[in-house]
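Single-structure report; data block below.
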Amino acid sequence: MAMIDIEYRHSEAELQDPTIRRRSTGAMAAYIKDLIFEMQMADISCKFTETVTDGPNTVLINGRTIPEIIEGLEIKMLEVEDSCDLGQGGRVVFGRPTLDWNREYVEDVPDTIMKNAIAKVFADMNRNNIPVMDQ
C-alpha cells in the first residue's frame with residue numbers, strides 16, 4: 001500500500017494577512033492533522049511531519065509542493081445535478097470563491113485543492129498497483 005507523507009514547513013513568524021483561510025501556522029498544522037486522521041480512519045497509510053524552518057512556508061506531499069502536484073489538473077466543482085443534496089436547494093455562500101487562493105500563503109490553500117493534491121499523489125502512487133481478482 002502507498003504511503004502519503006505530508007510535511008508542513010513553516011517559520012515561527014506570525015502570518016501577516018488576516019484574510020487567509022488559516023490565520024496561523026498552528027491552525028494550518030491542526031487542519032493537516034485532521035486530514036491525516038480522516039485518511040487513517042479510511043485505512044490509508046499516511047503520516048504528518050511539522051518542521052520549523054527559516055524558508056518560506058510550504059506543504060510537501062511526498063516531497064512535492066501543492067502547485068507542482070496540481071499543475072495541469074482541471075479542478076471542477078460539482079454541478080447541481082451531480083451533487084448529492086437529495087433535492088434540497090443549493091447553499092448560498094458569502095465570501096471568497098471556493099477555489100480562490102492567495103499563493104503567497106500555503107495556509108490559504110482551499111480544502112478542495114488540498115484534497116485534490118492528496119488524491120492525485122495517492123492515485124499516482126497506486127497507478128500500477130491495481131489488484132487482480134482471482135477468477
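The chains in the C-alpha cells are called A, B, ... from first to last as shown; in each chain the residues are counted from 1, and the ligands are counted from 1 in the order shown.
Those residues that approach Val59 in chain A to within 6 Å, counting only C-alpha atoms, are Glu7, Tyr8 and Thr65 of chain A; same-chain residues fewer than 4 positions away are not listed.
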Exercise for the section: Name the residues in contact with Lys47 in chain A at a cut-off of 8 Å, using only C-alpha atoms, excluding same-chain residues fewer than 3 positions from it; report them as a list in words. Expected result: Met3, Ile4, Asp5, Ile6 and Ile36 of chain A
Export C-alpha atoms of the chosen residues as a short mmCIF file (atom, residue, chain, number, x, y, z; two decimals), in the first residue's frame?
```
data_model
loop_
_atom_site.label_atom_id
_atom_site.label_comp_id
_atom_site.auth_asym_id
_atom_site.auth_seq_id
_atom_site.Cartn_x
_atom_site.Cartn_y
_atom_site.Cartn_z
CA MET A 3 2.25 5.89 1.97
CA ILE A 4 1.21 9.54 1.97
CA ASP A 5 3.83 11.68 3.72
CA ILE A 6 2.74 15.27 4.37
CA ILE A 36 -4.33 12.78 8.32
#
```
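Checking A:Gly63, A:Ile44, A:Glu50, A:Asp34 one by one against Ala119 in chain A, counting only C-alpha atoms, you find the shortest gap at A:Ile44.
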Dump as CSV the rows for residues of range 43-82 of chain A within 8 Å of range 107-115 of chain A: closest atom pair and distance in Å with one decimal, only C-alpha atoms counted, ordered by chain and rising residue number.
```
residue,atom,partner,partner_atom,distance
A:Ile66,CA,A:Met114,CA,7.2
A:Ile70,CA,A:Ile113,CA,7.9
A:Ile75,CA,A:Ile113,CA,7.7
```
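Of the listed residues A:Ile69, A:Ala27, A:Ala13, A:Val106, the one whose atoms come nearest to Lys120 in chain A is A:Ile69, with distances taken using only C-alpha atoms.
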Fill in the blank from the handout: One residue among A:Arg96, A:Ile118, A:Asn57, A:Pro67 is nearest to Thr19 in chain A when using only C-alpha atoms, and that residue is A:Arg96
Handout entry: Nearest candidate to Pro18 in chain A (options A:Thr53, A:Phe122, A:Arg64, A:Asn102; using only C-alpha atoms)
Key =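 Comparing A:Thr53, A:Phe122, A:Arg64, A:Asn102 against Pro18 in chain A, the winner is A:Asn102.
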